[in-house]
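Source file: final.txt (compact mmCIF, C-alpha atoms and all ligand atoms)
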```
# COMPACT_ATOMS: atom_id res chain seq x y z
CA MET L 529 18.53 -3.83 -6.71
CA ASP L 530 16.91 -4.49 -10.12
CA GLU L 531 17.57 -1.61 -12.58
CA ALA L 532 13.85 -0.89 -13.15
CA VAL L 533 13.25 -0.90 -9.38
CA ARG L 534 16.12 1.59 -8.97
CA GLY L 535 14.52 3.82 -11.63
CA ASN L 536 11.20 3.69 -9.76
CA GLN L 537 12.94 4.54 -6.49
CA ALA L 538 14.33 7.70 -8.09
CA VAL L 539 10.80 8.68 -9.22
CA TRP L 540 9.46 8.11 -5.70
CA GLU L 541 12.31 10.03 -4.12
CA ARG L 542 11.37 13.02 -6.33
CA ALA L 543 7.64 12.57 -5.60
CA ALA L 544 8.43 12.51 -1.87
CA THR L 545 9.04 16.26 -1.83
CA LYS L 546 5.21 16.42 -1.57
CA TYR L 547 5.45 14.83 1.89
CA VAL L 548 7.92 17.51 2.94
CA ASN L 549 6.11 20.45 1.27
CA GLU L 550 2.78 19.40 2.80
CA TYR L 551 4.34 18.47 6.13
CA ASP L 552 2.11 20.66 8.34
CA GLU L 553 -1.09 19.63 6.61
CA MET L 554 -0.16 15.95 7.00
CA LEU L 555 0.86 16.52 10.62
CA ASP L 556 -2.62 17.86 11.26
CA LEU L 557 -4.13 14.73 9.64
CA ALA L 558 -1.79 12.47 11.61
CA ARG L 559 -2.96 14.09 14.87
CA GLY L 560 -6.38 12.50 14.42
CA ARG L 561 -8.33 13.41 11.32
CA TRP L 562 -6.89 10.57 9.18
CA GLU L 563 -8.70 7.27 9.64
CA LEU L 564 -8.53 3.83 8.05
CA PHE L 565 -11.52 3.08 5.81
CA PRO L 566 -14.56 1.77 7.75
CA ARG L 567 -14.32 -1.60 5.97
CA GLU L 568 -10.62 -1.88 6.89
CA LEU L 569 -11.51 -1.29 10.52
CA GLU L 570 -14.23 -3.95 10.35
CA LEU L 571 -11.99 -6.54 8.71
CA LEU L 572 -9.06 -5.79 11.03
CA GLU L 573 -11.05 -5.49 14.26
CA PRO L 574 -10.21 -9.02 15.53
CA VAL L 575 -6.49 -8.35 14.92
CA LEU L 576 -6.40 -4.75 16.21
CA SER L 577 -8.31 -5.64 19.38
CA ARG L 578 -5.29 -7.75 20.43
CA GLY L 579 -2.79 -4.85 20.27
CA PRO L 580 -0.69 -6.16 17.36
CA VAL L 581 2.86 -5.35 16.35
CA VAL L 582 2.48 -4.17 12.76
CA VAL L 583 5.00 -4.07 9.91
CA HIS L 584 3.76 -1.75 7.15
CA PHE L 585 5.23 -2.61 3.73
CA GLN L 586 5.66 0.60 1.63
CA SER L 587 4.44 2.87 4.39
CA GLY L 588 4.56 6.13 2.35
CA HIS L 589 3.34 9.20 4.27
CA GLY L 590 2.65 7.03 7.33
CA LEU L 591 -0.80 8.46 8.02
CA ASP L 592 -2.24 4.94 8.07
CA ASP L 593 0.29 4.12 10.81
CA THR L 594 -0.92 6.77 13.24
CA ALA L 595 -4.46 5.58 12.41
CA LEU L 596 -3.45 1.95 13.09
CA VAL L 597 -2.09 2.97 16.51
CA ARG L 598 -5.29 4.86 17.33
CA ALA L 599 -7.24 1.73 16.27
CA GLY L 600 -5.27 -0.51 18.66
CA ALA L 601 -1.83 -1.36 17.22
CA ARG L 602 0.91 -1.58 19.90
CA LYS L 603 3.57 -0.35 17.48
CA VAL L 604 4.14 0.01 13.76
CA VAL L 605 7.36 -0.41 11.79
CA GLY L 606 7.02 1.32 8.42
CA VAL L 607 9.29 0.27 5.56
CA ASP L 608 9.69 2.44 2.48
CA TYR L 609 12.64 2.76 0.10
CA SER L 610 12.29 6.54 -0.14
CA VAL L 611 14.64 8.08 2.42
CA VAL L 612 12.76 11.40 2.28
CA THR L 613 9.38 9.72 2.76
CA ALA L 614 10.54 7.54 5.66
CA GLY L 615 12.24 10.56 7.26
CA ALA L 616 9.14 12.77 7.03
CA ALA L 617 6.95 9.98 8.44
CA GLN L 618 9.41 9.48 11.33
CA ARG L 619 9.41 13.19 12.17
CA ARG L 620 5.61 13.30 12.15
CA ALA L 621 5.32 10.19 14.35
CA ALA L 622 7.70 11.75 16.88
CA GLU L 623 5.71 15.02 16.93
CA VAL L 624 2.39 13.20 17.34
CA GLY L 625 3.97 10.90 19.96
CA VAL L 626 3.01 7.54 18.48
CA PRO L 627 5.10 4.31 18.56
CA CYS L 628 5.82 4.26 14.81
CA HIS L 629 9.35 3.66 13.56
CA TYR L 630 10.53 3.95 9.98
CA VAL L 631 13.18 2.11 8.02
CA ALA L 632 14.33 3.21 4.56
CA ALA L 633 14.62 -0.13 2.76
CA GLU L 634 13.39 -2.10 -0.22
CA VAL L 635 10.40 -4.42 -0.18
CA PRO L 636 10.89 -7.37 -0.44
CA GLY L 637 13.96 -7.88 1.72
CA VAL L 638 12.50 -5.99 4.68
CA PRO L 639 15.20 -5.67 7.37
CA VAL L 640 13.18 -6.98 10.31
CA ARG L 641 13.42 -10.26 12.21
CA ASP L 642 11.57 -13.40 11.06
CA GLU L 643 8.20 -13.86 12.79
CA CYS L 644 8.28 -10.45 14.53
CA ALA L 645 4.85 -9.19 13.40
CA ASP L 646 1.24 -9.95 14.24
CA LEU L 647 0.10 -8.00 11.18
CA VAL L 648 1.71 -7.09 7.87
CA TYR L 649 -0.31 -4.17 6.53
CA THR L 650 0.07 -2.85 2.98
CA GLY L 651 -1.65 -1.35 -0.05
CA LYS L 652 -3.13 1.93 -1.32
CA GLY L 653 -0.72 2.00 -4.23
CA ALA L 654 1.78 -0.65 -3.13
CA VAL L 655 1.53 -4.02 -4.92
CA ILE L 656 1.99 -2.46 -8.40
CA TRP L 657 5.57 -1.55 -7.42
CA MET L 658 6.54 -5.15 -6.69
CA ARG L 659 8.88 -6.57 -9.34
CA ASP L 660 8.50 -10.13 -8.02
CA ILE L 661 5.12 -10.99 -6.49
CA ASP L 662 6.31 -14.35 -5.11
CA ALA L 663 9.28 -12.74 -3.32
CA TRP L 664 6.87 -10.13 -1.87
CA ALA L 665 4.49 -12.80 -0.54
CA ARG L 666 7.36 -14.88 0.86
CA ASP L 667 8.72 -11.83 2.70
CA ALA L 668 5.30 -11.12 4.24
CA ALA L 669 5.04 -14.76 5.35
CA ARG L 670 8.57 -14.67 6.79
CA VAL L 671 7.88 -11.53 8.86
CA LEU L 672 4.62 -12.90 10.31
CA ARG L 673 4.56 -14.97 13.46
CA PRO L 674 2.43 -18.15 13.23
CA GLY L 675 -1.20 -17.02 13.41
CA GLY L 676 -0.30 -13.52 12.20
CA SER L 677 -2.24 -11.77 9.42
CA LEU L 678 -1.43 -10.19 6.08
CA PHE L 679 -3.82 -7.38 5.10
CA VAL L 680 -3.84 -5.72 1.68
CA TYR L 681 -6.20 -2.91 0.61
CA ASP L 682 -5.15 -1.82 -2.84
CA ALA L 683 -6.10 -0.75 -6.35
CA HIS L 684 -7.86 -3.52 -8.23
CA PRO L 685 -5.58 -5.09 -10.87
CA ALA L 686 -8.12 -4.08 -13.55
CA VAL L 687 -7.68 -0.34 -12.77
CA PRO L 688 -4.86 0.29 -15.31
CA MET L 689 -7.41 -0.53 -18.03
CA TRP L 690 -9.99 2.13 -17.12
CA SER L 691 -9.89 5.47 -18.91
CA TRP L 692 -10.48 8.62 -16.86
CA ASP L 693 -13.25 9.81 -19.24
CA GLU L 694 -16.02 11.73 -17.49
CA ASP L 695 -18.92 10.78 -19.77
CA GLU L 696 -18.65 6.98 -19.74
CA PRO L 697 -16.12 4.30 -18.77
CA ARG L 698 -13.85 3.06 -21.53
CA ILE L 699 -11.06 0.49 -21.77
CA ARG L 700 -7.77 2.16 -22.67
CA PRO L 701 -6.58 0.85 -26.05
CA ASP L 702 -2.96 0.83 -24.84
CA ARG L 703 -3.61 -1.42 -21.82
CA SER L 704 -4.31 -5.11 -21.16
CA TYR L 705 -5.31 -6.89 -17.95
CA PHE L 706 -2.67 -9.48 -18.82
CA ALA L 707 0.23 -7.13 -19.64
CA GLU L 708 3.39 -7.57 -17.59
CA SER L 709 3.85 -3.86 -16.88
CA HIS L 710 3.21 -0.31 -18.09
CA VAL L 711 4.59 3.14 -17.40
CA ASN L 712 2.56 5.17 -14.90
CA ASP L 713 1.13 8.38 -16.37
CA THR L 714 -0.59 9.92 -13.34
CA PHE L 715 0.77 11.82 -10.34
CA PRO L 716 2.68 11.02 -8.13
CA GLY L 717 4.35 7.93 -9.67
CA ASN L 718 4.47 9.50 -13.15
CA GLY L 719 7.22 7.88 -15.25
CA ALA L 720 7.71 4.86 -12.98
CA ARG L 721 7.18 1.30 -14.23
CA GLU L 722 4.18 -0.42 -12.66
CA TRP L 723 4.05 -4.20 -12.67
CA GLN L 724 0.64 -5.70 -13.28
CA TRP L 725 -0.31 -8.68 -11.15
CA THR L 726 -3.72 -10.19 -11.78
CA LEU L 727 -5.92 -11.06 -8.81
CA GLY L 728 -5.19 -14.73 -9.56
CA GLN L 729 -1.42 -14.15 -9.46
CA ILE L 730 -1.65 -12.23 -6.17
CA VAL L 731 -3.76 -14.90 -4.45
CA THR L 732 -1.61 -17.70 -5.85
CA ALA L 733 1.59 -16.01 -4.60
CA ILE L 734 0.10 -15.65 -1.12
CA THR L 735 -1.03 -19.27 -0.90
CA ARG L 736 2.27 -20.50 -2.40
CA ALA L 737 4.06 -18.61 0.40
CA GLY L 738 2.14 -20.71 2.92
CA LEU L 739 -0.57 -18.23 3.94
CA ARG L 740 -4.27 -19.09 4.10
CA LEU L 741 -6.78 -16.79 2.50
CA ASP L 742 -9.59 -15.57 4.80
CA VAL L 743 -11.17 -12.67 2.89
CA LEU L 744 -11.03 -11.39 -0.68
CA GLU L 745 -13.43 -8.53 -1.47
CA GLU L 746 -13.69 -6.29 -4.54
CA TYR L 747 -15.01 -2.73 -4.43
CA ALA L 748 -16.33 -0.22 -6.95
CA GLU L 749 -14.96 2.73 -4.96
CA PRO L 750 -11.29 3.55 -5.66
CA PHE L 751 -9.05 3.82 -2.59
CA TRP L 752 -8.09 7.32 -3.75
CA ARG L 753 -9.70 10.18 -5.69
CA PRO L 754 -8.00 13.38 -6.87
CA ASP L 755 -8.17 16.28 -4.39
CA ASP L 756 -9.67 18.60 -7.02
CA GLY L 757 -12.94 16.63 -7.10
CA TYR L 758 -12.41 15.20 -10.59
CA THR L 759 -14.58 12.11 -11.13
CA ALA L 760 -14.15 9.52 -13.87
CA ALA L 761 -17.16 7.52 -15.05
CA ALA L 762 -15.14 4.36 -14.31
CA TRP L 763 -15.56 5.16 -10.60
CA SER L 764 -19.35 5.36 -10.68
CA GLY L 765 -20.09 1.89 -9.32
CA ARG L 766 -20.05 -0.46 -12.33
CA LEU L 767 -16.38 -1.48 -12.36
CA PRO L 768 -13.93 -2.90 -9.80
CA ASN L 769 -11.49 -0.27 -8.51
CA ALA L 770 -10.17 -1.68 -5.23
CA TYR L 771 -9.89 -4.92 -3.29
CA ALA L 772 -9.16 -6.07 0.24
CA LEU L 773 -7.41 -9.30 1.09
CA LEU L 774 -6.88 -10.86 4.51
CA ALA L 775 -4.80 -14.00 4.96
CA HIS L 776 -3.14 -15.67 7.93
CA LYS L 777 -0.05 -17.77 8.59
C1 LIG W 801 1.54 5.27 -3.77
S1 LIG W 801 2.67 5.27 -2.41
C2 LIG W 801 1.59 4.51 -1.23
C3 LIG W 801 2.19 4.29 0.09
C4 LIG W 801 1.22 4.26 1.26
N1 LIG W 801 0.24 3.22 1.14
C5 LIG W 801 0.57 5.61 1.40
O1 LIG W 801 -0.67 5.68 1.28
O2 LIG W 801 1.27 6.59 1.61
C6 LIG W 801 3.85 4.03 -2.80
C7 LIG W 801 5.02 3.99 -1.85
O3 LIG W 801 5.74 2.79 -2.07
C8 LIG W 801 7.12 3.06 -1.95
N2 LIG W 801 7.77 1.98 -2.71
C9 LIG W 801 7.55 1.65 -4.01
N3 LIG W 801 8.24 0.56 -4.33
C10 LIG W 801 8.92 0.17 -3.21
C11 LIG W 801 9.81 -0.90 -2.91
N4 LIG W 801 10.12 -1.80 -3.83
N5 LIG W 801 10.31 -0.97 -1.67
C12 LIG W 801 10.00 -0.06 -0.72
N6 LIG W 801 9.16 0.98 -0.95
C13 LIG W 801 8.62 1.09 -2.17
C14 LIG W 801 7.27 4.45 -2.51
O4 LIG W 801 8.44 5.09 -2.04
C15 LIG W 801 6.00 5.13 -2.01
O5 LIG W 801 6.19 5.76 -0.77
```
Represent the supplied structure as structure tokens.
Amino acid sequence: MDEAVRGNQAVWERAATKYVNEYDEMLDLARGRWELFPRELELLEPVLSRGPVVVHFQSGHGLDDTALVRAGARKVVGVDYSVVTAGAAQRRAAEVGVPCHYVAAEVPGVPVRDECADLVYTGKGAVIWMRDIDAWARDAARVLRPGGSLFVYDAHPAVPMWSWDEDEPRIRPDRSYFAESHVNDTFPGNGAREWQWTLGQIVTAITRAGLRLDVLEEYAEPFWRPDDGYTAAAWSGRLPNAYALLAHK
């Protein structure tokens, strides 16, 4: 494992205590209150209506996995390099009684068979942790059966540039859209190195891996807002904060 990736893994392993400390609260969400975003459900409807086998790259707390099963997935394999995170997600899935299985492993290099999945699902704070975007796209393509879909719903690559000022949006003087990486300064990945992939680099990696792009949408609404209700002016509708991408093999 790359040294910077190992450093990030240590940050995520520490951050994962949240998933253990908030276990009961998350269990309650996993039992039914946690849903995919309405637009995700719309874009994924043709795939989910066929009862897909899903591999979730960087599955985190796994709440999207129980939601995927409720929306039609036959089973979900979640892959996350945090042992604590994958363990908490596995325990929750067993308590809720859903066919979700977790593997503690690095992405890319996901330890599942070639062409075993109808859907590779990822995002909500995932792509920024990829050291090599081409290796990531190749791994998604490898895991998908012919006709299978890759779905990404993630932070827009421009997000690192937006300040969190309340009065008006500003571009952070220490950030560039074209920088290679920066150190995360917000919870929970605080201190980890984020790699910046432009939208062009992400789409190019996916097509280079042999996938065909079906949908690429950009949204003003971030995929996540702080629990305390804090609102930055950059989230008020004028700037891109998230995107969805659907491609097929
Ligand atoms: C911001 S969280 C989001 C995960 C998920 N989408 C969610 O909402 O819970 C990022 C996750 O990616 C995992 N992660 C980061 N880099 C990884 C890598 N290279 N391989 C596997 N997991 C990784 C972290 O352990 C963490 O659980």
Kindly compile the residues surrounding ligand LIG 801 (chain W) within 6 Å, counting all atoms listed in the file, and format them as a PyMOL selection string. chain L and resi 540+586-590+608-610+633-635+651-654+657-658
For L:Gln724, please output as an MDAnalysis selection string all residues within 8 Å (counting all atoms listed in the file; exclusion window: fewer than 6 positions along the same chain). chainID L and resid 656 685 705:710
Tell me, as a PyMOL selection string, which residues lie within 6 Å of L:Val605, counting only C-alpha atoms; anything in the same chain fewer than 4 positions away does not count. chain L and resi 583+628-630
Between L:Ala686, L:Thr650, L:Ala665, L:Arg659, single out the one closest to L:Arg721, counting only C-alpha atoms.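 Residue with the minimum atom-to-atom distance to L:Arg721: L:Arg659.
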Find the residues around L:Trp664 up to 10 Å (only C-alpha atoms counted), leave out those fewer than 5 positions away in its own chain, and share them as a PyMOL selection string. chain L and resi 585+635-638+655+658-659+669-670+730+733-734+737
Pull C-alpha atoms from the residues just selected and write them as an mmCIF file, in the coordinates of the input.
```cif
data_model
loop_
_atom_site.group_PDB
_atom_site.id
_atom_site.type_symbol
_atom_site.label_atom_id
_atom_site.label_comp_id
_atom_site.auth_asym_id
_atom_site.auth_seq_id
_atom_site.Cartn_x
_atom_site.Cartn_y
_atom_site.Cartn_z
ATOM 1 C CA PHE L 585 5.230 -2.610 3.730
ATOM 2 C CA VAL L 635 10.400 -4.420 -0.180
ATOM 3 C CA PRO L 636 10.890 -7.370 -0.440
ATOM 4 C CA GLY L 637 13.960 -7.880 1.720
ATOM 5 C CA VAL L 638 12.500 -5.990 4.680
ATOM 6 C CA VAL L 655 1.530 -4.020 -4.920
ATOM 7 C CA MET L 658 6.540 -5.150 -6.690
ATOM 8 C CA ARG L 659 8.880 -6.570 -9.340
ATOM 9 C CA ALA L 669 5.040 -14.760 5.350
ATOM 10 C CA ARG L 670 8.570 -14.670 6.790
ATOM 11 C CA ILE L 730 -1.650 -12.230 -6.170
ATOM 12 C CA ALA L 733 1.590 -16.010 -4.600
ATOM 13 C CA ILE L 734 0.100 -15.650 -1.120
ATOM 14 C CA ALA L 737 4.060 -18.610 0.400
#
```
Calculate how many Å separate atom CA of L:Pro716 from atom CA of L:Asp552, rounding to one decimal.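 Interatomic distance here is 19.1 Å.
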Separation of atom CA of L:Val626 and atom CA of L:Leu591, in Å?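 Going from atom CA of L:Val626 over to atom CA of L:Leu591, I get 11.2 Å.
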All residues 8 Å or closer to L:Val743, only C-alpha atoms, same chain fewer than 5 positions away omitted, as a list in words: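 Answer for this query is Ala772, Leu773, Leu774 and Ala775 of chain L.
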